[in-house]
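What follows is a single structure, written as structure tokens, with notes after it.
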Amino acid sequence: MANKNNKNESITARDVDFAQWYTDVVKKAEMMDYTSVKGFIDYLPYSYAIWEEIQSYLNARFKKIGSKNVYLPSFIPSSLFNKEKEHIDGFAPETLVATYGGGERLSDPLIMRPTSEVLFCDLYKRQVSSYRDLPKIYNQWCSVVRWEKTTRPFLRGSEFLWQEGHCLFETEQEAEKNALDVLDIYMDMGKELLAIPFLTGIKTEKEKFAGAKATYTIEALMHDGKALQSGTTHYFGQGFAENFGIRYLGRDNALGVPHQTSWGVSTRLIGAVIMVHGDDNGLVLPPYVAPIQVEIVPIRGENENVKAACEKVLSELEALNIRAEVDNSDHTPGWKFAQAEMKGIPLRIEIGPRDLENGKCVLAKRVSGEKVTEDLEGLASKIPAILREIHDTMYQKACERLKENTKVVTNMEELKAMLDKGGYAKTMWCGDRECEDKVKEETQGGTSRCMPFDQTPVGDRCVCCGKPAKKVIYFAKAY
């Protein structure tokens with residue numbers, strides 16, 4: 001880690017108090033601020049810029065599978081929301097309800113959307129009448145409100161930003177393919193943008209989305225050994241469409257009910273990036289999602305030649321579409337170095353009078369703290385490859401940590417010990433809800449994260465009851 005012998009004393013060490021470390025980092029790196037309403041935060045420019053990079057990546061990928069962006073209202077009439085009982089039962093405790101508008105009590109109270117299935121169903125009922133209207137592959141970028149009792153910036157808020165895709169198809173096969181295709185997009189995003197390897201699979205009946213036939217998930221492993229559900233895709237079958245009266249005239253001239261999917265990720269991904277990669281000096285951001293990829297620090301910035309050299313490098317980097325800036329503040333170079341480390345800027349370029357005399361500069365990599373001397377001539381052309389190497393290093397480190405903290409366990413004692421330590425316990429399960437509940441109780445919070453697609457057995461008995469096992473499953477404690 002960078003400057004491991006000169007730890008930033010304003011940040012609590014991760015292994016002393018991980019929760020406080022996280023709070024220190026998001027505040028001191030100026031990612032967010034608390035507001036006057038509990039659970040609602042201000043997303044400051046540095047965190048919102050990360051969200052914009054996620055948006056940019058996903059928008060491009062979604063459009064390749066035919067998705068179009070829309071925006072639907074923030075409020076749902078209670079009468080509409082109540083049409084899907086299983087869905088409402090899952091979200092009712094978290095809803096924010098408006099009962100007055102324009103100074104008058106509303107006859108049909110409005111619910112601030114906790115998710116938009118019912119809004120999209122209401123839209124599709126009006127839009128779809130024939131098989132020629134299908135498929136419908138819509139996505140929206142918006143915020144949702146869920147009245148959480150315990151909140152933490154980016155990870156769990158009363159309001160958060162996300163994208164939610166909602167789609168209709170003629171056949172079950174098309175819908176299932178859509179849910180799995182988007183899961184692959186999320187996996188690619190982890191590898192190519194966030195440098196995070198995700199564990200993937202299908203949720204158990206207990207953990208799946210209310211009203212879904214199947215929920216698929218991406219799960220990330222944090223530094224403290226807890227899992228973070230980082231995104232989900234769902235196959236709904238025909239239940240929502242049935243309840244909302246969506247019908248279409250099929251190719252056989254008979255009325256049909258479409259098959260539905262939904263998928264989403266949120267600003268929880270920002271929390272994942274912080275907790276997977278950060279260290280005791282602050283953020284460590286993967287280059288392709290970092291708001292600033294390269295920080296240029298002038299040494300003796302009042303020197304006109306140094307100023308000119310820094311601006312020249314900046315111009316050359318910007319011409320390559322690299323996000324860069326020159327720190328021209330009146331702080332000392334040491335302060336600037338510490339600030340760049342705090343903000344997790346992947347690469348720092350130091351240019352001073354002595355460097356210029358020799359046509360050189362110093363490069364410092366945030367992920368390792370490594371410093372190397374490079375020629376100024378042709379420097380910009382080398383930076384893309386250096387950023388790629390930094391990204392690959394970060395992804396490989398995260399992969400190694402995931403592997404090291406995933407263990408096969410065969411009995412309850414091993415499971416307890418593994419979840420106390422932190423990480424994923426890979427084991428066998430009989431498929432009964434009672435055993436799933438018992439694991440949570442006896443491990444003090446361990447939950448099933450997913451059943452992997454690769455169901456190669458790691459035993460033949462349920463980790464909980466000892467009966468013949470049906471499924472390979474991962475358990476972990478989670479955020």
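For the structure tokens, the naming scheme is as follows: chains receive sequential letters (A, B, ...) according to their order of presentation, residues are indexed from 1 within each chain, and ligands are indexed from 1 in presentation order.
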Self-check item: Close residues, Phe337 (chain A) itself excluded, 12 Å, only C-alpha atoms, min 5 positions apart in chain, as a ChimeraX atom specification
Solution: /A:2-3,8,281,295-299,327,331-332,342-350,363-366,369
Using DSSP assignments from the backbone, pull out every residue in region 213-333 of chain A that falls under strand (DSSP E or B) and give it to me as a compact mmCIF listing (two decimals) with N, CA and C atoms, in the first residue's frame.
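File produced: out_30.txt:
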# COMPACT_ATOMS: atom_id res chain seq x y z
N ALA A 214 -37.38 -15.98 -10.45
CA ALA A 214 -35.95 -16.22 -10.23
C ALA A 214 -35.23 -14.89 -10.11
N THR A 215 -34.30 -14.81 -9.17
CA THR A 215 -33.45 -13.64 -9.00
C THR A 215 -32.00 -14.06 -9.11
N TYR A 216 -31.27 -13.38 -10.00
CA TYR A 216 -29.84 -13.63 -10.19
C TYR A 216 -29.07 -12.46 -9.58
N THR A 217 -27.88 -12.74 -9.06
CA THR A 217 -27.18 -11.71 -8.28
C THR A 217 -25.70 -11.63 -8.60
N ILE A 218 -25.14 -10.44 -8.39
CA ILE A 218 -23.68 -10.27 -8.35
C ILE A 218 -23.33 -9.88 -6.91
N GLU A 219 -22.36 -10.58 -6.34
CA GLU A 219 -21.97 -10.39 -4.95
C GLU A 219 -20.48 -10.05 -4.89
N ALA A 220 -20.14 -9.00 -4.14
CA ALA A 220 -18.75 -8.59 -3.98
C ALA A 220 -18.30 -8.84 -2.55
N LEU A 221 -17.00 -9.08 -2.38
CA LEU A 221 -16.43 -9.32 -1.05
C LEU A 221 -15.67 -8.09 -0.59
N ALA A 227 -20.05 -9.75 2.61
CA ALA A 227 -20.51 -9.70 1.22
C ALA A 227 -21.37 -8.46 1.01
N LEU A 228 -21.42 -8.01 -0.23
CA LEU A 228 -22.28 -6.90 -0.60
C LEU A 228 -23.02 -7.27 -1.88
N GLN A 229 -24.35 -7.42 -1.77
CA GLN A 229 -25.14 -7.64 -2.97
C GLN A 229 -25.04 -6.37 -3.82
N SER A 230 -24.46 -6.50 -5.01
CA SER A 230 -24.10 -5.32 -5.79
C SER A 230 -25.00 -5.08 -6.98
N GLY A 231 -25.89 -6.00 -7.26
CA GLY A 231 -26.82 -5.84 -8.36
C GLY A 231 -27.61 -7.13 -8.54
N THR A 232 -28.78 -7.01 -9.18
CA THR A 232 -29.61 -8.19 -9.40
C THR A 232 -30.33 -8.09 -10.74
N THR A 233 -30.65 -9.25 -11.30
CA THR A 233 -31.57 -9.33 -12.43
C THR A 233 -32.64 -10.34 -12.05
N HIS A 234 -33.85 -10.12 -12.58
CA HIS A 234 -34.99 -10.95 -12.18
C HIS A 234 -35.78 -11.43 -13.38
N TYR A 235 -36.22 -12.67 -13.32
CA TYR A 235 -37.23 -13.17 -14.25
C TYR A 235 -38.54 -13.25 -13.48
N PHE A 236 -39.54 -12.47 -13.92
CA PHE A 236 -40.81 -12.39 -13.21
C PHE A 236 -41.85 -13.40 -13.68
N GLY A 237 -41.58 -14.03 -14.82
CA GLY A 237 -42.64 -14.85 -15.38
C GLY A 237 -43.76 -13.96 -15.89
N TYR A 248 -51.73 -9.21 -25.11
CA TYR A 248 -51.41 -8.87 -26.49
C TYR A 248 -51.97 -9.95 -27.42
N LEU A 249 -52.29 -9.55 -28.62
CA LEU A 249 -52.76 -10.48 -29.64
C LEU A 249 -51.56 -11.16 -30.26
N LEU A 255 -55.14 -14.29 -27.46
CA LEU A 255 -54.59 -13.36 -26.49
C LEU A 255 -53.49 -14.03 -25.68
N GLY A 256 -52.36 -13.34 -25.50
CA GLY A 256 -51.25 -13.86 -24.72
C GLY A 256 -50.86 -12.91 -23.61
N HIS A 259 -43.99 -12.19 -20.91
CA HIS A 259 -43.06 -12.57 -19.85
C HIS A 259 -42.19 -11.36 -19.53
N GLN A 260 -41.89 -11.18 -18.25
CA GLN A 260 -41.31 -9.92 -17.79
C GLN A 260 -39.98 -10.14 -17.08
N THR A 261 -39.09 -9.16 -17.22
CA THR A 261 -37.82 -9.14 -16.48
C THR A 261 -37.61 -7.77 -15.87
N SER A 262 -36.71 -7.74 -14.90
CA SER A 262 -36.29 -6.47 -14.30
C SER A 262 -34.84 -6.63 -13.89
N TRP A 263 -34.09 -5.52 -13.90
CA TRP A 263 -32.68 -5.60 -13.50
C TRP A 263 -32.17 -4.22 -13.06
N GLY A 264 -31.24 -4.23 -12.09
CA GLY A 264 -30.76 -2.95 -11.60
C GLY A 264 -29.49 -3.02 -10.79
N VAL A 265 -28.73 -1.94 -10.84
CA VAL A 265 -27.63 -1.68 -9.92
C VAL A 265 -27.79 -0.27 -9.40
N SER A 266 -27.12 0.04 -8.31
CA SER A 266 -27.32 1.34 -7.67
C SER A 266 -25.99 1.96 -7.27
N ASP A 279 -7.51 1.74 1.23
CA ASP A 279 -6.52 1.36 2.24
C ASP A 279 -6.49 2.41 3.34
N GLY A 282 -6.84 6.10 2.45
CA GLY A 282 -8.02 6.63 1.78
C GLY A 282 -8.47 5.76 0.63
N VAL A 294 -5.24 11.00 -13.65
CA VAL A 294 -3.85 11.44 -13.50
C VAL A 294 -3.83 12.81 -12.84
N GLU A 295 -3.08 12.92 -11.76
CA GLU A 295 -2.86 14.20 -11.09
C GLU A 295 -1.44 14.67 -11.37
N ILE A 296 -1.31 15.87 -11.91
CA ILE A 296 0.01 16.43 -12.20
C ILE A 296 0.35 17.41 -11.09
N VAL A 297 1.46 17.17 -10.40
CA VAL A 297 1.85 18.00 -9.26
C VAL A 297 3.13 18.76 -9.60
N PRO A 298 3.05 20.08 -9.73
CA PRO A 298 4.27 20.86 -9.96
C PRO A 298 5.06 21.02 -8.67
N ALA A 324 -7.43 14.25 -16.50
CA ALA A 324 -6.24 14.70 -15.77
C ALA A 324 -6.44 16.13 -15.28
N GLU A 325 -5.65 16.50 -14.28
CA GLU A 325 -5.66 17.88 -13.79
C GLU A 325 -4.31 18.23 -13.21
N VAL A 326 -4.03 19.52 -13.16
CA VAL A 326 -2.81 20.03 -12.51
C VAL A 326 -3.23 20.64 -11.19
Exercise. For Asp355 (chain A), work out the shell of residues within 10 Å, counting only C-alpha atoms and skipping chain neighbours fewer than 3 positions away, then give it as a VMD selection string.
Key: chain A and resid 299 306 350 to 352 358 to 362 373 to 376
Quiz item: So which one's closest to Asn328 (chain A), A:Glu400, A:Asp188, A:Asp181, A:Glu302? Using only C-alpha atoms, please.
Solution: A:Glu302
Practice problem: Give me the residues within 12 Å of Lys64 (chain A) as a PyMOL selection string, counting only C-alpha atoms and dropping any in the same chain fewer than 4 places off. | Solution: chain A and resi 57-60+68+137+181-182+185
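Distance check against Ala385 (chain A) using only C-alpha atoms: of A:Pro287, A:Glu242, A:Gly334, A:Trp162, the minimum falls on A:Pro287.
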Quiz item: So which residues touch region 18-25 of chain A within 9 Å, counting only C-alpha atoms, skipping near sequence neighbours fewer than 6 positions away, as a ChimeraX atom specification?
Solution: /A:10-12,31,152-153,223-224,271,274-275,278,280-283,342-343
Would you mind exporting N, CA and C atoms of the selected residues as a CSV table (one decimal), in the first residue's frame?
chain,number,residue,atom,x,y,z
A,10,SER,N,-5.4,11.0,9.9
A,10,SER,CA,-6.8,11.5,10.0
A,10,SER,C,-7.8,10.5,9.7
A,11,ILE,N,-7.4,9.3,9.3
A,11,ILE,CA,-8.3,8.2,8.9
A,11,ILE,C,-8.0,7.0,9.8
A,12,THR,N,-9.1,6.5,10.4
A,12,THR,CA,-9.1,5.3,11.3
A,12,THR,C,-8.6,4.1,10.5
A,31,MET,N,-16.8,12.9,-0.8
A,31,MET,CA,-17.7,12.2,-1.7
A,31,MET,C,-19.2,12.5,-1.3
A,152,ARG,N,-26.3,3.9,5.8
A,152,ARG,CA,-24.8,4.1,5.7
A,152,ARG,C,-24.6,4.7,4.3
A,153,PRO,N,-23.8,5.8,4.2
A,153,PRO,CA,-23.7,6.4,2.8
A,153,PRO,C,-23.3,5.4,1.7
A,223,HIS,N,-13.4,-5.7,2.2
A,223,HIS,CA,-12.2,-5.9,3.0
A,223,HIS,C,-12.4,-6.6,4.3
A,224,ASP,N,-13.5,-6.3,5.0
A,224,ASP,CA,-13.8,-6.9,6.3
A,224,ASP,C,-14.4,-8.3,6.2
A,271,GLY,N,-20.0,2.3,-2.9
A,271,GLY,CA,-19.5,1.8,-1.7
A,271,GLY,C,-18.7,0.5,-1.9
A,274,ILE,N,-15.1,1.5,-2.8
A,274,ILE,CA,-14.4,2.1,-1.7
A,274,ILE,C,-13.9,0.9,-0.8
A,275,MET,N,-14.8,0.0,-0.5
A,275,MET,CA,-14.5,-1.0,0.5
A,275,MET,C,-13.6,-2.2,0.0
A,278,GLY,N,-10.0,0.3,-1.1
A,278,GLY,CA,-9.4,1.4,-0.2
A,278,GLY,C,-8.4,0.8,0.7
A,280,ASP,N,-5.5,2.3,4.2
A,280,ASP,CA,-5.5,3.2,5.4
A,280,ASP,C,-5.2,4.7,5.1
A,281,ASN,N,-4.8,4.9,3.8
A,281,ASN,CA,-4.6,6.3,3.4
A,281,ASN,C,-5.8,6.9,2.6
A,282,GLY,N,-6.8,6.1,2.5
A,282,GLY,CA,-8.0,6.6,1.8
A,282,GLY,C,-8.5,5.8,0.6
A,283,LEU,N,-9.0,6.4,-0.4
A,283,LEU,CA,-9.5,5.7,-1.6
A,283,LEU,C,-8.4,5.2,-2.4
A,342,MET,N,-5.4,10.4,-0.7
A,342,MET,CA,-6.7,10.4,0.0
A,342,MET,C,-7.8,10.2,-1.1
A,343,LYS,N,-7.7,10.9,-2.2
A,343,LYS,CA,-8.8,10.8,-3.2
A,343,LYS,C,-8.6,9.6,-4.1
Self-check item: Using only C-alpha atoms: which of A:Gly250, A:Pro258, A:Gly431, A:Gly225 has the shortest distance to Arg461 (chain A)
Solution: A:Gly431
Self-check item: Using only C-alpha atoms: which of A:Thr171, A:Ser67, A:Thr99, A:Ser36 has the shortest distance to Tyr138 (chain A)
Solution: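 Going through A:Thr171, A:Ser67, A:Thr99, A:Ser36 one by one, the smallest distance to Tyr138 (chain A) is for A:Ser67.
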Practice problem: Select, from A:Pro109, A:Pro135, A:Pro114, A:Gly157, the residue with the minimum atom-to-atom distance to Gly39 (chain A), counting only C-alpha atoms. | Solution: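 That would be A:Gly157, the residue with the smallest distance to Gly39 (chain A).
The space separating CA of Glu434 (chain A) from CA of Ala210 (chain A) comes to 19.0 Å.
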